[in-house]
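Have a look at query-v1.txt; it's compact mmCIF, C-alpha atoms:
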# COMPACT_ATOMS: atom_id res chain seq x y z
CA MET A 1 -52.16 4.18 -15.80
CA ALA A 2 -53.60 3.69 -19.29
CA THR A 3 -50.79 5.65 -20.89
CA GLU A 4 -48.26 3.61 -18.97
CA THR A 5 -49.53 0.32 -20.35
CA GLU A 6 -49.62 1.83 -23.84
CA ALA A 7 -46.02 2.90 -23.53
CA ALA A 8 -45.15 -0.55 -22.22
CA SER A 9 -46.85 -2.30 -25.13
CA GLU A 10 -44.88 -0.12 -27.53
CA GLY A 11 -41.70 -1.30 -25.85
CA GLY A 12 -40.67 2.18 -24.75
CA LEU A 13 -39.55 3.20 -21.30
CA VAL A 14 -42.42 4.18 -19.04
CA PHE A 15 -40.21 6.71 -17.27
CA HIS A 16 -36.92 8.33 -17.99
CA PRO A 17 -34.00 6.65 -16.15
CA LEU A 18 -32.41 10.01 -15.33
CA ASP A 19 -35.57 11.51 -13.77
CA GLN A 20 -34.55 10.21 -10.35
CA PHE A 21 -31.67 12.68 -10.15
CA ILE A 22 -33.79 15.82 -10.55
CA PRO A 23 -34.25 17.61 -7.22
CA THR A 24 -37.96 18.33 -6.84
CA SER A 25 -39.78 20.40 -4.28
CA LEU A 26 -41.45 18.36 -1.57
CA PHE A 27 -44.46 20.69 -1.34
CA GLY A 28 -46.08 21.79 -4.59
CA ASN A 29 -44.41 21.95 -7.97
CA GLY A 30 -42.62 25.26 -7.64
CA ALA A 31 -39.08 26.00 -8.69
CA VAL A 32 -36.29 24.63 -6.49
CA HIS A 33 -34.20 27.33 -4.80
CA TRP A 34 -31.45 26.76 -2.30
CA TYR A 35 -33.91 27.21 0.57
CA THR A 36 -36.67 25.01 -0.89
CA PRO A 37 -37.36 21.79 1.05
CA SER A 38 -36.65 19.33 -1.76
CA ASN A 39 -36.11 15.60 -1.81
CA LEU A 40 -32.36 16.35 -1.79
CA THR A 41 -32.55 18.26 1.50
CA LEU A 42 -34.91 15.63 2.90
CA TRP A 43 -32.40 12.84 2.28
CA LEU A 44 -29.50 14.94 3.52
CA ALA A 45 -31.49 15.46 6.74
CA ILE A 46 -32.17 11.72 6.97
CA LEU A 47 -28.45 11.17 6.46
CA VAL A 48 -27.61 13.44 9.39
CA LEU A 49 -30.22 11.69 11.54
CA ALA A 50 -28.79 8.28 10.60
CA VAL A 51 -25.26 9.38 11.47
CA VAL A 52 -26.48 10.82 14.79
CA GLY A 53 -28.42 7.61 15.39
CA VAL A 54 -25.39 5.38 14.92
CA PHE A 55 -22.64 7.50 16.46
CA VAL A 56 -24.44 9.45 19.18
CA LEU A 57 -27.55 7.57 20.24
CA GLY A 58 -26.24 4.10 19.37
CA SER A 59 -23.01 4.61 21.30
CA ARG A 60 -24.63 6.34 24.26
CA GLY A 61 -24.09 3.37 26.58
CA ARG A 62 -20.30 3.51 26.11
CA GLY A 63 -20.17 -0.09 27.30
CA ILE A 64 -16.96 -2.06 27.62
CA VAL A 65 -18.94 -4.76 25.84
CA PRO A 66 -20.45 -2.67 23.02
CA SER A 67 -24.07 -2.88 22.00
CA ARG A 68 -24.79 -3.71 18.37
CA MET A 69 -25.04 -0.09 17.24
CA GLN A 70 -21.95 0.86 19.21
CA SER A 71 -19.93 -1.92 17.62
CA VAL A 72 -20.99 -0.72 14.16
CA GLY A 73 -19.72 2.74 15.05
CA GLU A 74 -16.53 1.35 16.56
CA LEU A 75 -15.89 -0.76 13.45
CA MET A 76 -16.11 2.29 11.20
CA TYR A 77 -13.97 4.35 13.57
CA GLY A 78 -11.29 1.66 13.75
CA PHE A 79 -11.39 1.08 10.00
CA VAL A 80 -10.73 4.73 9.15
CA TYR A 81 -8.18 5.13 11.95
CA LYS A 82 -6.18 2.14 10.75
CA MET A 83 -6.40 3.31 7.15
CA ILE A 84 -4.91 6.71 8.05
CA GLU A 85 -2.15 5.06 10.08
CA ASP A 86 -1.29 2.61 7.30
CA VAL A 87 -1.51 4.93 4.30
CA THR A 88 -0.55 8.36 5.60
CA GLY A 89 1.44 7.58 8.71
CA LYS A 90 1.07 8.04 12.45
CA ASP A 91 1.69 11.79 12.31
CA ALA A 92 -1.49 12.25 10.24
CA VAL A 93 -3.78 11.00 12.98
CA LYS A 94 -4.61 14.59 13.98
CA TYR A 95 -6.45 14.96 10.64
CA PHE A 96 -8.61 11.96 11.54
CA PRO A 97 -11.83 13.98 12.21
CA TYR A 98 -11.90 15.45 8.70
CA ILE A 99 -11.27 12.12 6.98
CA MET A 100 -13.76 10.30 9.20
CA THR A 101 -16.38 12.95 8.36
CA LEU A 102 -15.79 12.48 4.65
CA PHE A 103 -15.98 8.70 4.95
CA VAL A 104 -19.15 8.67 7.04
CA PHE A 105 -20.89 11.22 4.81
CA VAL A 106 -20.09 9.41 1.57
CA LEU A 107 -20.83 5.96 3.03
CA PHE A 108 -24.18 6.92 4.50
CA ALA A 109 -25.19 8.90 1.40
CA ASN A 110 -24.33 5.94 -0.84
CA TYR A 111 -26.19 3.41 1.27
CA LEU A 112 -29.27 5.57 1.92
CA ALA A 113 -29.47 6.15 -1.84
CA LEU A 114 -29.98 2.40 -2.29
CA LEU A 115 -33.31 2.51 -0.47
CA PRO A 116 -36.18 2.41 -2.97
CA MET A 117 -37.71 5.84 -3.77
CA SER A 118 -34.81 7.65 -2.14
CA TYR A 119 -32.69 10.41 -3.60
CA SER A 120 -28.93 9.96 -3.94
CA PRO A 121 -27.05 13.11 -2.84
CA THR A 122 -23.68 11.74 -4.02
CA SER A 123 -25.00 11.49 -7.59
CA MET A 124 -25.00 15.29 -7.74
CA ILE A 125 -21.72 16.64 -9.09
CA ALA A 126 -22.37 19.84 -7.11
CA ILE A 127 -22.12 17.92 -3.85
CA THR A 128 -19.21 15.66 -4.73
CA ALA A 129 -17.35 18.64 -6.23
CA VAL A 130 -17.59 20.47 -2.92
CA LEU A 131 -16.13 17.39 -1.21
CA GLY A 132 -13.42 16.96 -3.85
CA PHE A 133 -12.36 20.59 -4.07
CA GLY A 134 -12.54 20.86 -0.29
CA VAL A 135 -9.98 18.06 -0.03
CA PHE A 136 -7.87 19.66 -2.76
CA ILE A 137 -7.83 23.14 -1.21
CA ALA A 138 -7.28 21.83 2.31
CA ILE A 139 -4.34 19.70 1.22
CA THR A 140 -2.73 22.42 -0.93
CA VAL A 141 -2.99 24.96 1.90
CA LEU A 142 -1.70 22.41 4.39
CA GLY A 143 1.26 21.56 2.17
CA PHE A 144 2.29 25.20 1.75
CA VAL A 145 1.79 25.98 5.44
CA LYS A 146 3.87 23.01 6.52
CA HIS A 147 6.65 23.17 3.96
CA GLY A 148 6.46 26.58 2.32
CA ALA A 149 8.01 26.69 -1.14
CA ALA A 150 9.55 23.25 -0.55
CA PHE A 151 6.07 21.84 -1.20
CA LEU A 152 6.70 22.53 -4.89
CA GLY A 153 9.37 19.80 -4.70
CA LEU A 154 6.40 17.45 -5.06
CA PHE A 155 6.46 18.27 -8.78
CA TRP A 156 10.24 18.09 -9.22
CA MET A 157 11.48 14.51 -9.33
CA LYS A 158 15.07 14.42 -8.11
CA ASP A 159 15.47 10.78 -9.10
CA ALA A 160 14.63 11.37 -12.76
CA PRO A 161 17.33 12.11 -15.38
CA GLY A 162 17.96 15.85 -15.74
CA PHE A 163 16.44 16.47 -19.15
CA LEU A 164 13.26 14.59 -18.22
CA ARG A 165 12.58 16.60 -15.07
CA PRO A 166 10.77 19.57 -16.71
CA ILE A 167 8.55 17.21 -18.71
CA ILE A 168 7.73 15.16 -15.63
CA ALA A 169 7.07 18.39 -13.72
CA ILE A 170 4.46 19.46 -16.30
CA ILE A 171 2.76 16.06 -16.14
CA GLU A 172 2.83 16.13 -12.33
CA VAL A 173 1.26 19.60 -12.23
CA ILE A 174 -1.52 18.53 -14.60
CA SER A 175 -2.20 15.37 -12.62
CA TYR A 176 -2.23 17.43 -9.42
CA PHE A 177 -4.93 19.75 -10.73
CA VAL A 178 -7.00 16.89 -12.17
CA ARG A 179 -7.22 15.29 -8.70
CA PRO A 180 -10.30 17.15 -7.41
CA VAL A 181 -12.08 16.67 -10.74
CA SER A 182 -11.42 12.95 -10.85
CA LEU A 183 -12.21 12.59 -7.15
CA SER A 184 -15.63 14.18 -7.52
CA ILE A 185 -16.57 12.77 -10.93
CA ARG A 186 -15.54 9.24 -9.95
CA LEU A 187 -17.95 9.25 -7.03
CA ALA A 188 -20.83 10.97 -8.81
CA GLY A 189 -20.34 8.93 -11.99
CA ASN A 190 -20.26 5.58 -10.22
CA ILE A 191 -23.40 6.28 -8.22
CA THR A 192 -25.22 7.80 -11.20
CA ALA A 193 -24.29 4.93 -13.49
CA GLY A 194 -25.42 2.28 -11.01
CA HIS A 195 -28.78 3.91 -10.39
CA VAL A 196 -29.39 4.45 -14.11
CA VAL A 197 -28.70 0.77 -14.80
CA ILE A 198 -31.19 -0.27 -12.11
CA LYS A 199 -33.82 2.09 -13.56
CA VAL A 200 -33.22 0.83 -17.11
CA PHE A 201 -33.77 -2.76 -15.93
CA ALA A 202 -36.88 -1.56 -14.09
CA GLY A 203 -38.12 -0.15 -17.40
CA PHE A 204 -37.69 -3.56 -19.04
CA ALA A 205 -39.78 -5.08 -16.24
CA ALA A 206 -42.84 -3.44 -17.82
CA LEU A 207 -42.53 -5.83 -20.78
CA THR A 208 -44.28 -9.08 -19.95
CA LEU A 209 -41.81 -11.38 -21.69
CA ALA A 210 -38.68 -9.67 -20.40
CA SER A 211 -39.89 -9.14 -16.84
CA PRO A 212 -38.42 -12.28 -15.17
CA ALA A 213 -34.98 -11.58 -16.64
CA ALA A 214 -35.33 -7.89 -15.77
CA ILE A 215 -36.20 -8.63 -12.14
CA LEU A 216 -33.27 -11.03 -11.83
CA GLY A 217 -31.12 -8.33 -13.41
CA ILE A 218 -32.30 -5.74 -10.88
CA VAL A 219 -31.46 -8.10 -8.02
CA ALA A 220 -28.00 -8.78 -9.41
CA ILE A 221 -27.22 -5.12 -10.14
CA TYR A 222 -28.55 -4.14 -6.73
CA GLY A 223 -26.12 -6.57 -5.13
CA LEU A 224 -23.32 -5.05 -7.18
CA GLU A 225 -24.41 -1.57 -6.15
CA ILE A 226 -24.22 -2.50 -2.45
CA LEU A 227 -20.60 -3.44 -3.13
CA VAL A 228 -19.91 -0.31 -5.20
CA ALA A 229 -21.42 2.01 -2.57
CA GLY A 230 -18.99 0.75 0.05
CA ILE A 231 -16.01 0.65 -2.30
CA GLN A 232 -16.56 4.21 -3.52
CA ALA A 233 -16.67 5.53 0.04
CA TYR A 234 -13.48 3.56 0.73
CA VAL A 235 -11.78 4.81 -2.43
CA PHE A 236 -12.71 8.43 -1.75
CA THR A 237 -11.28 8.20 1.75
CA ILE A 238 -8.12 6.33 0.81
CA LEU A 239 -7.35 8.76 -2.01
CA THR A 240 -7.76 11.61 0.47
CA CYS A 241 -5.23 9.80 2.68
CA VAL A 242 -2.83 9.39 -0.26
CA TYR A 243 -3.09 13.08 -1.16
CA LEU A 244 -2.65 14.02 2.48
CA LYS A 245 0.53 11.98 2.52
CA ASP A 246 1.81 14.06 -0.41
CA ALA A 247 1.11 17.24 1.52
CA LEU A 248 2.83 16.01 4.68
CA HIS A 249 5.82 14.39 2.98
CA PRO A 250 6.27 16.08 -0.43
CA ALA A 251 9.74 14.58 -0.95
CA HIS A 252 8.92 11.04 -2.07
CA MET X 1 -34.44 6.09 -37.82
CA GLU X 2 -34.35 9.29 -35.87
CA GLY X 3 -31.95 11.14 -33.65
CA ASP X 4 -29.05 13.44 -34.21
CA ILE X 5 -25.31 13.26 -34.63
CA ALA X 6 -24.79 13.72 -30.88
CA SER X 7 -26.26 10.25 -30.31
CA ILE X 8 -23.53 8.76 -32.49
CA GLY X 9 -20.95 10.67 -30.48
CA ALA X 10 -22.49 9.40 -27.27
CA GLY X 11 -22.28 5.84 -28.55
CA LEU X 12 -18.64 6.32 -29.51
CA ALA X 13 -17.88 7.76 -26.08
CA ALA X 14 -19.47 4.69 -24.51
CA ILE X 15 -16.73 2.57 -26.15
CA GLY X 16 -14.39 4.24 -23.66
CA SER X 17 -16.26 2.60 -20.80
CA GLY X 18 -15.58 -0.79 -22.35
CA ILE X 19 -11.90 -0.02 -22.74
CA ALA X 20 -11.73 1.06 -19.10
CA ALA X 21 -13.20 -2.35 -18.27
CA ILE X 22 -10.07 -3.93 -19.81
CA GLY X 23 -7.95 -1.79 -17.51
CA VAL X 24 -9.97 -2.73 -14.43
CA GLY X 25 -9.73 -6.41 -15.34
CA ASN X 26 -6.00 -6.04 -15.85
CA VAL X 27 -5.51 -4.54 -12.39
CA ALA X 28 -7.65 -7.14 -10.64
CA GLY X 29 -6.17 -10.03 -12.60
CA ASN X 30 -2.60 -9.02 -11.93
CA TYR X 31 -3.40 -8.53 -8.26
CA LEU X 32 -4.86 -12.04 -8.11
CA ALA X 33 -1.88 -13.51 -9.92
CA GLY X 34 0.48 -11.83 -7.50
CA ALA X 35 -1.64 -12.75 -4.50
CA LEU X 36 -1.67 -16.43 -5.44
CA ARG X 37 2.10 -16.47 -5.80
CA ASN X 38 2.65 -14.79 -2.45
CA PRO X 39 -0.53 -14.99 -0.36
CA SER X 40 1.17 -13.58 2.74
CA ALA X 41 1.78 -10.25 0.97
CA ALA X 42 -1.76 -10.05 -0.44
CA ALA X 43 -3.50 -8.49 2.56
CA SER X 44 -1.07 -5.57 2.74
CA GLN X 45 -1.68 -4.67 -0.90
CA THR X 46 -5.49 -4.43 -0.96
CA ALA X 47 -5.27 -0.64 -0.51
CA THR X 48 -3.03 -0.40 -3.57
CA LEU X 49 -5.45 -2.66 -5.44
CA PHE X 50 -8.39 -0.39 -4.75
CA ILE X 51 -6.44 2.75 -5.65
CA GLY X 52 -5.45 1.15 -8.95
CA LEU X 53 -9.02 0.05 -9.61
CA ALA X 54 -10.27 3.55 -8.84
CA PHE X 55 -7.82 5.21 -11.23
CA ALA X 56 -8.63 2.77 -14.03
CA GLU X 57 -12.34 3.07 -13.44
CA ALA X 58 -12.34 6.88 -13.27
CA LEU X 59 -11.37 7.15 -16.94
CA GLY X 60 -14.25 4.91 -17.93
CA ILE X 61 -16.56 7.06 -15.84
CA PHE X 62 -15.23 10.14 -17.68
CA SER X 63 -16.29 8.66 -21.01
CA PHE X 64 -19.65 7.72 -19.53
CA LEU X 65 -20.00 11.34 -18.44
CA VAL X 66 -19.11 12.56 -21.93
CA ALA X 67 -21.77 10.25 -23.34
CA LEU X 68 -24.36 11.61 -20.90
CA LEU X 69 -23.40 15.21 -21.69
CA LEU X 70 -23.66 14.60 -25.44
CA LYS X 71 -27.02 12.91 -25.08
CA PHE X 72 -28.73 15.14 -22.54
CA ALA X 73 -26.90 18.46 -22.22

Take the structure in the file and give it back as structure tokens.
Amino acid sequence: MATETEAASEGGLVFHPLDQFIPTSLFGNGAVHWYTPSNLTLWLAILVLAVVGVFVLGSRGRGIVPSRMQSVGELMYGFVYKMIEDVTGKDAVKYFPYIMTLFVFVLFANYLALLPMSYSPTSMIAITAVLGFGVFIAITVLGFVKHGAAFLGLFWMKDAPGFLRPIIAIIEVISYFVRPVSLSIRLAGNITAGHVVIKVFAGFAALTLASPAAILGIVAIYGLEILVAGIQAYVFTILTCVYLKDALHPAH
Amino acid sequence: MEGDIASIGAGLAAIGSGIAAIGVGNVAGNYLAGALRNPSAAASQTATLFIGLAFAEALGIFSFLVALLLKFA
């Protein structure tokens, strides 16, 4: 405690704003292996329990007039279903379970990460990269299975003037392979950036003079983060829908 | 004064986040301008709005990531 007040009087940060993203072992201070119960696995388990709570236990009544939990689940279900119908088309509804899983995972991870002292799984590039590359591989395989070599027509613009087509094809190929990278880094970067900003304001709160402004700043940024958490889940899902549309209908 | 040359690079990379902010503002502002001219078409274009915002924002996040990598990796 004494060192903390010293650091505060010097105007330095009491803690490092990026410390919150380090996975640490729950029991003891040993190294973190893949099987170690860490705060990451703890919050992933809480995420699963929350999803089960809303979608299984909350909707158990299956009432015609839904209970509160059931209507939350139904809202999310209807939201994603309508998004797939609008963006990808009615024939894509059979891929609904995958897209709903992605949406629910990202949404719950983002919102659980906003609880104080929690760990944010979606701030780890390892986790978002698995989601992003999973979407990428699934959609590439699906495109080739459905259309065979005709899927490559996605890169060959028939509307463009002849001499421009090879150039556009190169750009299209690059943008196609950047998709999983941008998908995963967008999510991880947004969540990381928001949490770092909150922690930096929290560091200013240790200074007596700056503390009222810092606390107001935390409240404001926290409100923004609630918005960002929802929007990032939405954006991740809708981009998956857009990419899925490319795989199902490669000829624009 | 202390620090190394990577800190300067990180600061320069952070400029990219500000430039991405111009892009995000451009998307949102143009959406609003279009929505006020034709409010009945606005609701059907919110998906496009968010896709545009996401693409513009992703590039700013890339520069933020470069700044973080320079500073801490």

Taking only C-alpha atoms into account and nothing else, which residues of chain X lie no more than 12 Å away from chain A? Please answer as a list in words.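 Contact residues on the first chain: Ser17, Ser44, Gln45, Thr46, Ala47, Thr48, Leu49, Phe50, Ile51, Gly52, Leu53, Ala54, Phe55, Ala56, Glu57, Ala58, Leu59, Gly60, Ile61, Phe62, Ser63, Phe64, Leu65, Val66, Ala67, Leu68, Leu69, Lys71 and Phe72 of chain X.
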
Best match for closeness to Leu70 in chain X among X:Gly9, X:Gly34, X:Gly16, X:Gly3, counting all atoms listed in the file: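 The closest residue to Leu70 in chain X is X:Gly9.
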
Taking (-41.2, -6.9, -13.0) in the file's coordinates, which residues come within 6 Å, counting all atoms listed in the file, written as a list in words? Ala205, Ser211 and Ile215 of chain A

Between CA of Gly29 in chain X and CA of Gly230 in chain A, what is the distance in Å, rounded to a tenth?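 CA of Gly230 in chain A lies 21.0 Å from CA of Gly29 in chain X.
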
All residues 9 Å or closer to range 51-57 of chain A, all atoms listed in the file, same chain fewer than 4 positions away omitted, as a list in words: Ile46, Leu47, Gly61, Met69, Gln70, Val72, Gly73, Glu74, Val104, Phe105 and Phe108 of chain A

Within 12 Å of Gly89 in chain A using only C-alpha atoms, minus same-chain residues under 5 positions, as a list in words: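 Contacts, with the query itself left out: Tyr81, Lys82, Met83, Ile84, Lys94, Tyr95, Phe96, Cys241, Val242, Leu244, Lys245, Asp246, Leu248 and His249 of chain A.
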
Test item: residues at most 7 Å from Thr24 in chain A, all atoms listed in the file, excluding those fewer than 4 positions along its chain, as a list in words: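 Residues meeting the cut-off are Val32, Ser38 and Asn39 of chain A.
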
Can you measure CA of Ser7 in chain X to CA of Ala213 in chain A for me? One decimal in Å is fine.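 Atom-to-atom, CA of Ser7 in chain X and CA of Ala213 in chain A are spaced 27.2 Å apart.
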
To box range 72-88 of chain A, take all atoms listed in the file, fit an axis-aligned box, add 4 Å on each side, and give centre and edge lengths in Å to one decimal, as JSON.
{"center_x": -10.8, "center_y": 3.8, "center_z": 10.4, "size_x": 28.4, "size_y": 17.1, "size_z": 20.3}

Choose the residue, out of A:Met124, A:Ile139, A:Leu40, A:Leu112, that has the smallest atom-to-atom separation from Phe177 in chain A; count all atoms listed in the file.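 So, comparing all the options, the nearest one is A:Ile139.
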
d(CA of Ala220 in chain A, CA of Ile198 in chain A) in Å: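 Going from CA of Ala220 in chain A over to CA of Ile198 in chain A covers 9.5 Å.
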
Nearest residue to Gly223 in chain A from the set A:Thr240, A:Gly194, A:Ile99, A:Lys199 (distances using only C-alpha atoms):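 Closest to Gly223 in chain A of all the choices is A:Gly194.
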